[in-house]
$ cat entry.txt   # compact mmCIF, C-alpha atoms and all ligand atoms
# COMPACT_ATOMS: atom_id res chain seq x y z
CA MET A 295 11.41 -33.90 12.26
CA SER A 296 10.04 -32.21 9.17
CA GLU A 297 7.60 -29.35 9.62
CA ARG A 298 4.47 -28.67 7.67
CA VAL A 299 4.07 -24.91 7.80
CA LEU A 300 0.85 -23.16 6.82
CA ILE A 301 0.88 -19.40 6.23
CA THR A 302 -2.28 -17.33 6.05
CA GLY A 303 -1.52 -14.16 4.07
CA ILE A 304 1.30 -15.78 2.11
CA THR A 305 0.80 -13.38 -0.80
CA GLY A 306 1.24 -10.34 1.45
CA PHE A 307 4.31 -8.33 2.35
CA VAL A 308 5.24 -10.19 5.54
CA GLY A 309 4.13 -13.57 4.17
CA SER A 310 6.46 -13.33 1.20
CA HIS A 311 9.43 -12.49 3.44
CA LEU A 312 8.53 -15.33 5.78
CA VAL A 313 8.66 -17.73 2.83
CA ASP A 314 12.10 -16.41 1.86
CA TYR A 315 13.28 -17.15 5.38
CA LEU A 316 11.66 -20.58 5.68
CA LEU A 317 13.33 -21.62 2.42
CA THR A 318 16.72 -21.19 4.12
CA LEU A 319 15.77 -23.83 6.72
CA ASP A 320 15.89 -27.61 6.32
CA ASP A 321 12.90 -29.92 6.31
CA VAL A 322 10.14 -27.37 6.04
CA GLU A 323 7.23 -27.96 3.69
CA ILE A 324 5.36 -24.73 3.01
CA PHE A 325 1.65 -24.30 2.39
CA GLY A 326 0.03 -20.93 1.84
CA MET A 327 -3.58 -19.83 1.78
CA ARG A 328 -4.46 -17.56 -1.08
CA ARG A 329 -7.72 -15.75 -1.70
CA TRP A 330 -8.66 -16.31 -5.32
CA ARG A 331 -8.24 -12.69 -6.40
CA SER A 332 -5.13 -11.88 -4.35
CA ARG A 333 -2.14 -10.63 -6.28
CA THR A 334 0.72 -13.13 -6.22
CA GLU A 335 3.55 -10.97 -7.59
CA HIS A 336 5.71 -11.39 -4.47
CA ILE A 337 5.62 -15.18 -4.52
CA ASP A 338 5.36 -15.95 -8.24
CA HIS A 339 9.05 -16.85 -8.37
CA LEU A 340 8.52 -19.39 -5.58
CA THR A 341 5.74 -21.49 -7.02
CA ASP A 342 8.01 -24.56 -7.26
CA SER A 343 8.84 -24.30 -3.55
CA VAL A 344 5.47 -23.60 -1.97
CA ASN A 345 2.06 -25.23 -2.12
CA ILE A 346 -0.59 -22.60 -2.67
CA VAL A 347 -4.09 -23.56 -1.64
CA GLU A 348 -7.12 -21.51 -2.50
CA CYS A 349 -8.94 -20.38 0.63
CA ASP A 350 -10.98 -17.49 1.94
CA LEU A 351 -10.52 -16.89 5.66
CA ARG A 352 -13.98 -15.37 5.80
CA ASP A 353 -15.49 -18.75 4.94
CA GLN A 354 -15.40 -21.39 7.68
CA ILE A 355 -15.90 -24.30 5.29
CA SER A 356 -13.02 -23.14 3.13
CA VAL A 357 -10.67 -22.73 6.11
CA SER A 358 -11.62 -26.03 7.76
CA GLN A 359 -11.05 -27.94 4.54
CA VAL A 360 -7.55 -26.52 4.09
CA LEU A 361 -6.64 -27.47 7.67
CA ILE A 362 -7.95 -31.01 7.17
CA ASP A 363 -6.07 -31.35 3.87
CA THR A 364 -2.74 -29.85 4.91
CA ARG A 365 -2.54 -30.94 8.58
CA PRO A 366 0.08 -28.31 9.48
CA THR A 367 2.45 -28.63 12.43
CA LYS A 368 3.04 -24.87 12.52
CA ILE A 369 0.76 -22.04 11.43
CA PHE A 370 1.60 -18.38 10.91
CA HIS A 371 -1.56 -16.30 10.93
CA LEU A 372 -0.60 -13.15 9.03
CA ALA A 373 -3.62 -12.54 6.81
CA ALA A 374 -5.43 -9.33 7.69
CA GLN A 375 -6.73 -6.01 6.47
CA SER A 376 -3.61 -4.24 7.71
CA PHE A 377 -3.89 -0.59 6.66
CA VAL A 378 -5.16 1.64 9.47
CA PRO A 379 -6.89 4.32 7.29
CA THR A 380 -8.90 1.67 5.41
CA SER A 381 -10.35 0.59 8.72
CA TRP A 382 -12.12 3.96 8.96
CA THR A 383 -13.52 3.85 5.45
CA ALA A 384 -14.45 0.15 5.68
CA PRO A 385 -14.67 -0.67 9.39
CA GLU A 386 -17.04 -3.62 9.09
CA GLU A 387 -14.87 -5.26 6.47
CA SER A 388 -11.76 -4.78 8.61
CA LEU A 389 -13.39 -6.14 11.75
CA HIS A 390 -14.90 -9.07 9.92
CA THR A 391 -11.77 -10.12 8.03
CA ASN A 392 -9.49 -9.76 11.03
CA ILE A 393 -11.63 -11.04 13.90
CA ILE A 394 -14.01 -13.49 12.24
CA GLY A 395 -11.17 -14.69 9.98
CA THR A 396 -9.17 -15.53 13.11
CA LEU A 397 -12.20 -17.24 14.65
CA HIS A 398 -12.53 -19.43 11.55
CA LEU A 399 -8.89 -20.41 11.73
CA LEU A 400 -8.94 -21.28 15.44
CA GLU A 401 -12.29 -23.07 15.23
CA GLY A 402 -11.07 -24.94 12.13
CA ILE A 403 -7.98 -26.16 14.00
CA ARG A 404 -10.14 -27.45 16.83
CA GLN A 405 -12.55 -29.20 14.50
CA ALA A 406 -9.77 -30.75 12.40
CA GLY A 407 -8.40 -32.42 15.55
CA ILE A 408 -4.85 -31.21 14.86
CA ASP A 409 -2.44 -29.79 17.43
CA PRO A 410 -0.16 -27.29 15.66
CA TRP A 411 1.77 -24.38 17.16
CA ILE A 412 0.08 -21.19 15.95
CA GLN A 413 1.57 -17.70 15.78
CA VAL A 414 -1.18 -15.08 15.77
CA ALA A 415 -0.06 -11.66 14.55
CA GLY A 416 -1.37 -8.93 16.81
CA SER A 417 0.00 -5.40 16.59
CA SER A 418 1.49 -2.59 18.61
CA GLU A 419 -1.54 -0.60 17.41
CA GLU A 420 -3.48 -2.47 20.11
CA TYR A 421 -1.84 -0.22 22.71
CA GLY A 422 -3.18 2.87 20.93
CA LEU A 423 -3.27 5.75 23.38
CA VAL A 424 -0.05 5.52 25.35
CA HIS A 425 0.77 7.94 28.18
CA PRO A 426 4.26 9.49 28.34
CA ASP A 427 5.12 7.57 31.52
CA GLU A 428 4.16 4.24 29.88
CA VAL A 429 7.05 3.99 27.42
CA PRO A 430 8.75 1.74 26.60
CA ILE A 431 5.53 -0.24 26.38
CA THR A 432 5.42 -3.68 27.98
CA GLU A 433 2.86 -6.39 27.33
CA THR A 434 0.94 -5.48 30.48
CA ASN A 435 0.14 -1.95 29.31
CA PRO A 436 -3.60 -1.24 28.99
CA LEU A 437 -4.98 -1.64 25.47
CA ARG A 438 -6.61 1.63 24.37
CA PRO A 439 -7.14 1.13 20.62
CA LEU A 440 -7.58 4.28 18.51
CA SER A 441 -8.87 2.87 15.22
CA PRO A 442 -11.20 0.10 14.04
CA TYR A 443 -8.05 -1.68 12.84
CA ALA A 444 -6.59 -1.56 16.35
CA VAL A 445 -9.86 -2.89 17.77
CA SER A 446 -9.75 -5.71 15.22
CA LYS A 447 -6.25 -6.66 16.39
CA VAL A 448 -7.33 -6.60 20.05
CA GLY A 449 -10.12 -8.98 19.03
CA THR A 450 -7.69 -11.21 17.14
CA ASP A 451 -5.28 -11.28 20.06
CA LEU A 452 -7.91 -11.99 22.71
CA LEU A 453 -9.63 -14.69 20.67
CA ALA A 454 -6.27 -16.45 20.46
CA TYR A 455 -5.90 -16.10 24.24
CA GLN A 456 -9.38 -17.47 24.79
CA PHE A 457 -8.85 -20.48 22.52
CA HIS A 458 -5.72 -21.31 24.45
CA GLN A 459 -7.49 -21.05 27.80
CA SER A 460 -10.64 -22.85 26.70
CA TYR A 461 -9.26 -25.58 24.46
CA GLY A 462 -5.50 -25.66 25.08
CA LEU A 463 -4.59 -24.53 21.56
CA LYS A 464 -0.84 -23.87 21.37
CA VAL A 465 -1.16 -20.24 20.38
CA VAL A 466 1.67 -17.70 20.65
CA ARG A 467 0.48 -14.09 20.36
CA THR A 468 2.91 -11.58 18.89
CA ARG A 469 2.56 -7.80 18.97
CA ALA A 470 4.99 -6.56 16.37
CA PHE A 471 5.74 -2.85 16.27
CA ASN A 472 6.10 -1.19 12.84
CA HIS A 473 8.01 -3.19 10.29
CA THR A 474 8.97 -2.33 6.78
CA GLY A 475 11.28 -3.26 3.93
CA PRO A 476 11.32 -3.96 0.21
CA ARG A 477 7.91 -5.03 -1.23
CA ARG A 478 6.03 -2.99 1.38
CA GLY A 479 2.73 -1.77 -0.08
CA ASP A 480 2.89 1.83 -1.25
CA VAL A 481 0.23 3.04 1.17
CA PHE A 482 2.44 2.52 4.25
CA VAL A 483 4.55 5.46 5.25
CA CYS A 484 8.16 4.44 4.41
CA SER A 485 7.19 2.85 1.12
CA ASP A 486 4.83 5.70 0.28
CA PHE A 487 7.53 8.37 0.79
CA ALA A 488 10.22 6.26 -0.93
CA LYS A 489 8.02 5.70 -3.97
CA GLN A 490 7.28 9.43 -4.28
CA ILE A 491 11.02 10.23 -4.00
CA VAL A 492 11.89 7.72 -6.72
CA GLN A 493 9.11 9.04 -8.98
CA ALA A 494 10.67 12.50 -8.55
CA GLU A 495 14.17 11.11 -9.23
CA LYS A 496 12.89 9.68 -12.49
CA GLY A 497 11.19 12.95 -13.41
CA ASN A 498 7.72 11.41 -13.21
CA ARG A 499 6.45 13.95 -10.66
CA GLU A 500 7.38 17.30 -9.18
CA PRO A 501 9.95 16.87 -6.38
CA VAL A 502 7.31 17.60 -3.75
CA ILE A 503 6.49 14.78 -1.36
CA HIS A 504 2.95 14.68 0.03
CA VAL A 505 2.87 13.84 3.72
CA GLY A 506 0.51 13.36 6.64
CA ASN A 507 1.25 13.58 10.37
CA LEU A 508 5.01 13.93 10.70
CA GLU A 509 4.94 14.26 14.50
CA ALA A 510 3.89 10.65 15.18
CA LYS A 511 6.63 8.44 16.61
CA ARG A 512 7.09 4.85 15.61
CA ASP A 513 9.37 1.94 16.52
CA PHE A 514 10.63 0.40 13.25
CA THR A 515 12.22 -2.98 12.57
CA ASP A 516 13.16 -4.53 9.23
CA VAL A 517 10.60 -7.09 8.07
CA ARG A 518 13.41 -9.60 7.49
CA ASP A 519 14.19 -9.48 11.21
CA ILE A 520 10.49 -9.69 12.08
CA VAL A 521 9.91 -12.93 10.16
CA LYS A 522 12.83 -14.55 12.00
CA ALA A 523 11.20 -13.42 15.23
CA TYR A 524 7.93 -15.06 14.17
CA TRP A 525 9.73 -18.34 13.53
CA LEU A 526 11.48 -18.15 16.91
CA SER A 527 8.16 -17.37 18.60
CA LEU A 528 6.97 -20.86 17.70
CA LEU A 529 10.24 -22.55 18.64
CA HIS A 530 10.67 -20.95 22.06
CA GLY A 531 7.49 -19.03 22.91
CA GLU A 532 5.12 -20.25 25.58
CA ALA A 533 1.62 -21.29 24.56
CA GLY A 534 -0.98 -18.65 25.42
CA GLU A 535 1.63 -15.96 26.03
CA VAL A 536 1.88 -12.58 24.34
CA TYR A 537 5.17 -11.01 23.21
CA ASN A 538 6.13 -7.54 21.98
CA ILE A 539 8.55 -7.54 19.06
CA ALA A 540 10.21 -4.16 18.75
CA SER A 541 13.49 -2.36 18.18
CA GLY A 542 13.26 -0.42 21.44
CA THR A 543 13.94 2.87 19.69
CA THR A 544 11.55 5.42 18.29
CA LEU A 545 11.72 7.91 15.44
CA THR A 546 9.38 10.68 14.39
CA ILE A 547 7.94 10.21 10.91
CA ARG A 548 9.63 13.54 10.11
CA LYS A 549 12.99 11.92 10.91
CA VAL A 550 12.16 8.95 8.67
CA LEU A 551 11.33 11.36 5.86
CA ASP A 552 14.60 13.25 6.40
CA MET A 553 16.57 9.99 6.30
CA LEU A 554 14.93 8.97 3.02
CA ILE A 555 15.53 12.38 1.47
CA ALA A 556 19.18 12.23 2.55
CA LEU A 557 19.53 8.95 0.65
CA SER A 558 18.47 10.61 -2.60
CA ASP A 559 20.58 12.90 -4.79
CA ILE A 560 17.79 15.32 -5.71
CA GLU A 561 16.38 18.39 -3.93
CA ILE A 562 13.02 17.53 -2.36
CA ALA A 563 10.29 19.68 -0.78
CA THR A 564 7.32 18.47 1.27
CA GLU A 565 3.66 19.43 1.33
CA GLU A 566 1.10 18.49 3.96
CA ASP A 567 -1.91 16.68 2.54
CA PRO A 568 -4.99 16.96 4.83
CA ALA A 569 -6.37 13.73 3.33
CA ARG A 570 -3.42 11.90 4.89
CA MET A 571 -4.41 12.94 8.43
CA ARG A 572 -6.30 10.39 10.54
CA PRO A 573 -9.31 10.98 12.83
CA SER A 574 -7.02 9.85 15.66
CA ASP A 575 -3.41 8.86 15.22
CA VAL A 576 -1.33 6.87 17.66
CA GLU A 577 1.17 9.45 18.93
CA ILE A 578 3.97 7.23 20.12
CA LEU A 579 4.93 3.59 19.86
CA LEU A 580 8.09 2.50 21.59
CA GLY A 581 8.23 -1.13 22.55
CA ASP A 582 9.91 -3.07 25.31
CA SER A 583 10.57 -6.50 23.85
CA SER A 584 12.78 -7.85 26.65
CA LYS A 585 10.27 -10.62 27.43
CA PHE A 586 10.53 -11.88 23.84
CA ARG A 587 14.29 -11.45 23.61
CA GLU A 588 14.81 -13.40 26.81
CA ALA A 589 12.49 -16.21 25.72
CA THR A 590 13.89 -16.60 22.21
CA GLY A 591 17.34 -14.98 21.93
CA TRP A 592 16.04 -12.80 19.07
CA LYS A 593 17.90 -9.67 18.10
CA GLN A 594 17.71 -7.31 15.16
CA GLU A 595 20.42 -7.50 12.56
CA ILE A 596 19.49 -4.94 9.91
CA PRO A 597 20.07 -1.24 10.71
CA PHE A 598 17.10 0.96 9.82
CA GLU A 599 19.10 3.07 7.40
CA GLN A 600 19.82 -0.11 5.41
CA THR A 601 16.11 -0.90 5.40
CA LEU A 602 15.34 2.54 3.95
CA ARG A 603 18.07 2.13 1.33
CA ASP A 604 16.59 -1.22 0.30
CA ILE A 605 13.09 0.25 0.02
CA LEU A 606 14.37 3.05 -2.23
CA ASP A 607 16.26 0.52 -4.37
CA TYR A 608 13.14 -1.64 -4.58
CA TRP A 609 11.20 1.29 -6.05
CA ARG A 610 14.13 2.30 -8.30
CA GLU A 611 14.00 -1.17 -9.85
CA ARG A 612 10.24 -1.30 -10.14
CA LEU A 613 9.27 2.10 -11.44
N1 LIG B 701 0.66 5.80 5.42
C1 LIG B 701 1.07 7.06 5.67
N2 LIG B 701 1.18 7.96 4.63
N3 LIG B 701 1.36 7.40 6.93
C2 LIG B 701 1.79 8.66 7.18
C3 LIG B 701 1.94 9.62 6.16
C4 LIG B 701 1.61 9.26 4.83
O1 LIG B 701 1.70 10.06 3.89
N4 LIG B 701 2.41 10.77 6.72
C5 LIG B 701 2.54 10.54 8.01
N5 LIG B 701 2.15 9.27 8.32
C6 LIG B 701 2.14 8.67 9.65
C7 LIG B 701 0.83 8.02 10.05
O2 LIG B 701 -0.13 9.00 10.47
C8 LIG B 701 1.31 7.13 11.18
O3 LIG B 701 1.43 7.89 12.36
C9 LIG B 701 2.72 6.70 10.72
O4 LIG B 701 3.07 7.60 9.67
C10 LIG B 701 2.82 5.28 10.21
O5 LIG B 701 1.78 5.05 9.30
P1 LIG B 701 1.67 3.66 8.49
O6 LIG B 701 2.92 3.38 7.78
O7 LIG B 701 0.42 3.72 7.69
O8 LIG B 701 1.61 2.55 9.65
P2 LIG B 701 0.77 2.44 11.01
O9 LIG B 701 1.70 2.80 12.13
O10 LIG B 701 -0.53 3.14 10.93
O11 LIG B 701 0.45 0.88 11.07
C11 LIG B 701 1.43 -0.07 10.69
O12 LIG B 701 2.08 -0.59 11.83
C12 LIG B 701 1.26 -1.38 12.68
C13 LIG B 701 2.15 -1.84 13.84
O13 LIG B 701 2.38 -0.77 14.69
C14 LIG B 701 0.75 -1.15 9.86
O14 LIG B 701 1.74 -1.98 9.29
C15 LIG B 701 -0.16 -2.01 10.72
O15 LIG B 701 -0.67 -3.09 9.95
C16 LIG B 701 0.66 -2.54 11.91
O16 LIG B 701 -0.16 -3.32 12.75
$ encode --input "entry.txt" --output "C-alpha cells" --more "lines below"
Ligand code: GDD
Amino acid sequence: MSERVLITGITGFVGSHLVDYLLTLDDVEIFGMRRWRSRTEHIDHLTDSVNIVECDLRDQISVSQVLIDTRPTKIFHLAAQSFVPTSWTAPEESLHTNIIGTLHLLEGIRQAGIDPWIQVAGSSEEYGLVHPDEVPITETNPLRPLSPYAVSKVGTDLLAYQFHQSYGLKVVRTRAFNHTGPRRGDVFVCSDFAKQIVQAEKGNREPVIHVGNLEAKRDFTDVRDIVKAYWLSLLHGEAGEVYNIASGTTLTIRKVLDMLIALSDIEIATEEDPARMRPSDVEILLGDSSKFREATGWKQEIPFEQTLRDILDYWRERL
C-alpha cells in the first residue's frame, strides 16, 4: 500500500535526512510543512520529489487545512525550536512553538477525521537531572527538565500521550538522545567545533576553538541512523508508547573535541567562553534503548568517528 507521509520540520536538519531516507523506499509520497520564511537550502535539490506545503504550526487554521488537504497515513512531527540556549533567551517562544504547535497538530488530526500513525519527537533532555545510579536511563526514569526547552519537550511528549489516551490517536513517542551529522546547524556542539576547526584550517580564524562546558556527557548517534529509527517507530512501535533511541555509550564533550581535533592536520588550542555556559546544563545523558531495539530491530550502523569526519567534510565543502 502506498504511504502518504507528512513531515513537520522538513526544512530542518533531521527533516532533510528523513527525506533522503524515505526516497530510498518504494511507494512513499512525501509532503512537508514549511513556514514561509524558513530556509530551504537542505531540501532545494529535492523539490521534484517532495510536495512542500506552506504552513505555520503556530496557527491552528493553517495546520488543520494542510491535514485536510494532504490526508497523510504517516506523520513525523519534527518541527521545533530545538536549541537549548535559545529557550532561555526566548522561553515563551520555545514553549509556544513546541507545545502549542504540537497541540495544533494533534487537534488538527482529530478534527480532520483521519487516522494516521504519528511519530512525536521528544528528547532525552526531558530526563534533565539524572542521578549517577540512574544510568543508563530507561523510559521510566523521572523527568526532571533543566531548561525551558526540556519543559517544552515534556509538554510535547505528554500531550501526545494524552491524545492517545483520550482519543485513541496512534501516536508513538520517541526520546532521541543527541544526534548529529552533516548539515547540523552551527550552534550545536559538534557542528560548532567542526566549523571553527575548518575556519582555522582555511586560515579564516586563529586556531583557537571557543568552547563551553566540556565536562558534560552525551550519548551521540548519527542522524542517518536516527531517521531510520523514526521510520521503524511507526512500523513496529506501539501506539501511545514511549521509546528511547540512543547509542548506549556516553562521551564527554571534551572527548568529542579531542576526536575532532585529531581528525584535522593543524595545531589547535581551546579557550573557554563564559557566554557558552548555561544556567544549568544536563550533566550526563546515557540512554538505554533496549525497549526500542526489541520492538523494532533497530541498530546503529555509522560509527561516531565517521559521523565527525562527515561533519568536518561538510564544513570543508561549504566554507
Ligand atoms: N552548542 C554548544 N556550543 N554546546 C557546547 C559548547 C559549545 O561551544 N561547549 C560545550 N557544549 C556542551 C553543552 O553545554 C551541552 O552540554 C553539550 O555540549 C551539547 O550541546 P548541544 O550540541 O547544544 O546539544 P544539547 O545536548 O543541548 O541538545 C541537543 O540534544 C537534545 C537531545 O539530547 C539538541 O539537539 C536538542 O534539540 C535535543 O533534544
$ residues_near_point --input "entry.txt" --point "(7.2, -10.6, 23.7)" --cutoff "7 Å" --atoms "only C-alpha atoms" --output "number ranges by chain"
A: 468, 536-539, 583-586
$ residues_near_ligand --input "entry.txt" --ligand "ligand LIG 701 (chain B)" --cutoff "7 Å" --atoms "only C-alpha atoms and all ligand atoms" --output "PyMOL selection string"
chain A and resi 376-378+417-419+470-473+481-484+486-487+504-508+510-512+547+570-572+575-577
$ write_last_selection --input "entry.txt" --atoms "C-alpha atoms" --output "CSV table (one decimal), in the frame of the given file"
chain,number,residue,atom,x,y,z
A,376,SER,CA,-3.6,-4.2,7.7
A,377,PHE,CA,-3.9,-0.6,6.7
A,378,VAL,CA,-5.2,1.6,9.5
A,417,SER,CA,0.0,-5.4,16.6
A,418,SER,CA,1.5,-2.6,18.6
A,419,GLU,CA,-1.5,-0.6,17.4
A,470,ALA,CA,5.0,-6.6,16.4
A,471,PHE,CA,5.7,-2.8,16.3
A,472,ASN,CA,6.1,-1.2,12.8
A,473,HIS,CA,8.0,-3.2,10.3
A,481,VAL,CA,0.2,3.0,1.2
A,482,PHE,CA,2.4,2.5,4.2
A,483,VAL,CA,4.6,5.5,5.2
A,484,CYS,CA,8.2,4.4,4.4
A,486,ASP,CA,4.8,5.7,0.3
A,487,PHE,CA,7.5,8.4,0.8
A,504,HIS,CA,3.0,14.7,0.0
A,505,VAL,CA,2.9,13.8,3.7
A,506,GLY,CA,0.5,13.4,6.6
A,507,ASN,CA,1.2,13.6,10.4
A,508,LEU,CA,5.0,13.9,10.7
A,510,ALA,CA,3.9,10.6,15.2
A,511,LYS,CA,6.6,8.4,16.6
A,512,ARG,CA,7.1,4.8,15.6
A,547,ILE,CA,7.9,10.2,10.9
A,570,ARG,CA,-3.4,11.9,4.9
A,571,MET,CA,-4.4,12.9,8.4
A,572,ARG,CA,-6.3,10.4,10.5
A,575,ASP,CA,-3.4,8.9,15.2
A,576,VAL,CA,-1.3,6.9,17.7
A,577,GLU,CA,1.2,9.4,18.9
$ closest_residue --input "entry.txt" --among "A:Gly449, A:Gly462, A:Gly303, A:Pro430" --to "Val347 (chain A)" --atoms "only C-alpha atoms"
A:Gly303
$ residues_around --input "entry.txt" --residues "Ala454 (chain A)" --least-positions-apart "3" --cutoff "10 Å" --atoms "all atoms listed in the file" --output "PyMOL selection string"
chain A and resi 396-397+399-400+412-416+448-451+457-460+463-467+534-536
$ closest_residue --input "entry.txt" --among "A:His390, A:Glu297, A:Lys489, A:Glu420" --to "Thr434 (chain A)" --atoms "only C-alpha atoms"
A:Glu420
$ closest_residue --input "entry.txt" --among "A:Leu602, A:Ile408, A:Leu613, A:Ala444" --to "Lys496 (chain A)" --atoms "all atoms listed in the file"
A:Leu613
$ closest_residue --input "entry.txt" --among "A:Ala494, A:Leu423, A:Val299, A:Ile393" --to "Ser446 (chain A)" --atoms "all atoms listed in the file"
A:Ile393
$ atom_distance --input "entry.txt" --atom1 "CA of Arg438 (chain A)" --atom2 "CA of Tyr421 (chain A)"
5.4 Å
$ axis_aligned_box --input "entry.txt" --around "region 463-475 of chain A" --padding-each-side "3 Å" --output "lines of an AutoDock Vina configuration file"
center_x = 3.3
center_y = -12.9
center_z = 12.7
size_x = 21.9
size_y = 29.3
size_z = 23.6
$ build_atoms --input "entry.txt" --residues "region 559-567 of chain A" --atoms "all heavy atoms" --output "CSV table (one decimal), in the frame of the given file"
chain,number,residue,atom,x,y,z
A,559,ASP,N,19.7,11.9,-4.3
A,559,ASP,CA,20.6,12.9,-4.8
A,559,ASP,C,19.8,14.2,-5.2
A,559,ASP,O,20.5,15.2,-5.5
A,559,ASP,CB,21.3,12.4,-6.0
A,559,ASP,CG,22.3,11.4,-5.6
A,559,ASP,OD1,22.8,11.4,-4.5
A,559,ASP,OD2,22.7,10.5,-6.5
A,560,ILE,N,18.5,14.1,-5.2
A,560,ILE,CA,17.8,15.3,-5.7
A,560,ILE,C,17.3,16.2,-4.6
A,560,ILE,O,17.1,15.7,-3.4
A,560,ILE,CB,16.6,14.9,-6.6
A,560,ILE,CG1,15.6,14.1,-5.9
A,560,ILE,CG2,17.1,14.2,-7.9
A,560,ILE,CD1,14.3,13.9,-6.6
A,561,GLU,N,17.0,17.4,-4.9
A,561,GLU,CA,16.4,18.4,-3.9
A,561,GLU,C,14.9,18.0,-3.8
A,561,GLU,O,14.2,17.9,-4.8
A,561,GLU,CB,16.5,19.8,-4.5
A,561,GLU,CG,17.8,20.4,-4.4
A,561,GLU,CD,18.2,20.9,-3.0
A,561,GLU,OE1,17.4,21.6,-2.4
A,561,GLU,OE2,19.2,20.4,-2.5
A,562,ILE,N,14.4,17.9,-2.5
A,562,ILE,CA,13.0,17.5,-2.4
A,562,ILE,C,12.3,18.4,-1.4
A,562,ILE,O,12.9,18.7,-0.3
A,562,ILE,CB,12.9,16.1,-1.9
A,562,ILE,CG1,13.3,15.1,-3.1
A,562,ILE,CG2,11.5,15.7,-1.4
A,562,ILE,CD1,13.6,13.8,-2.7
A,563,ALA,N,11.1,18.9,-1.7
A,563,ALA,CA,10.3,19.7,-0.8
A,563,ALA,C,9.1,18.8,-0.3
A,563,ALA,O,8.9,17.7,-0.8
A,563,ALA,CB,9.7,20.9,-1.5
A,564,THR,N,8.5,19.2,0.8
A,564,THR,CA,7.3,18.5,1.3
A,564,THR,C,6.1,19.3,1.3
A,564,THR,O,6.2,20.6,1.5
A,564,THR,CB,7.6,17.9,2.7
A,564,THR,OG1,7.9,19.0,3.5
A,564,THR,CG2,8.8,16.9,2.7
A,565,GLU,N,4.9,18.7,1.3
A,565,GLU,CA,3.7,19.4,1.3
A,565,GLU,C,2.7,18.6,2.1
A,565,GLU,O,2.5,17.4,1.9
A,565,GLU,CB,3.1,19.6,-0.1
A,565,GLU,CG,1.9,20.5,-0.2
A,565,GLU,CD,1.6,20.8,-1.6
A,565,GLU,OE1,2.4,21.3,-2.4
A,565,GLU,OE2,0.5,20.3,-2.0
A,566,GLU,N,2.1,19.2,3.1
A,566,GLU,CA,1.1,18.5,4.0
A,566,GLU,C,-0.2,18.3,3.2
A,566,GLU,O,-0.7,19.2,2.5
A,566,GLU,CB,0.8,19.3,5.2
A,566,GLU,CG,0.2,18.4,6.3
A,566,GLU,CD,0.1,19.2,7.6
A,566,GLU,OE1,1.2,19.3,8.3
A,566,GLU,OE2,-1.0,19.6,7.9
A,567,ASP,N,-0.7,17.0,3.2
A,567,ASP,CA,-1.9,16.7,2.5
A,567,ASP,C,-3.0,16.3,3.6
A,567,ASP,O,-2.8,15.3,4.3
A,567,ASP,CB,-1.6,15.5,1.6
A,567,ASP,CG,-2.8,14.9,1.0
A,567,ASP,OD1,-3.9,15.4,1.2
A,567,ASP,OD2,-2.7,13.9,0.2
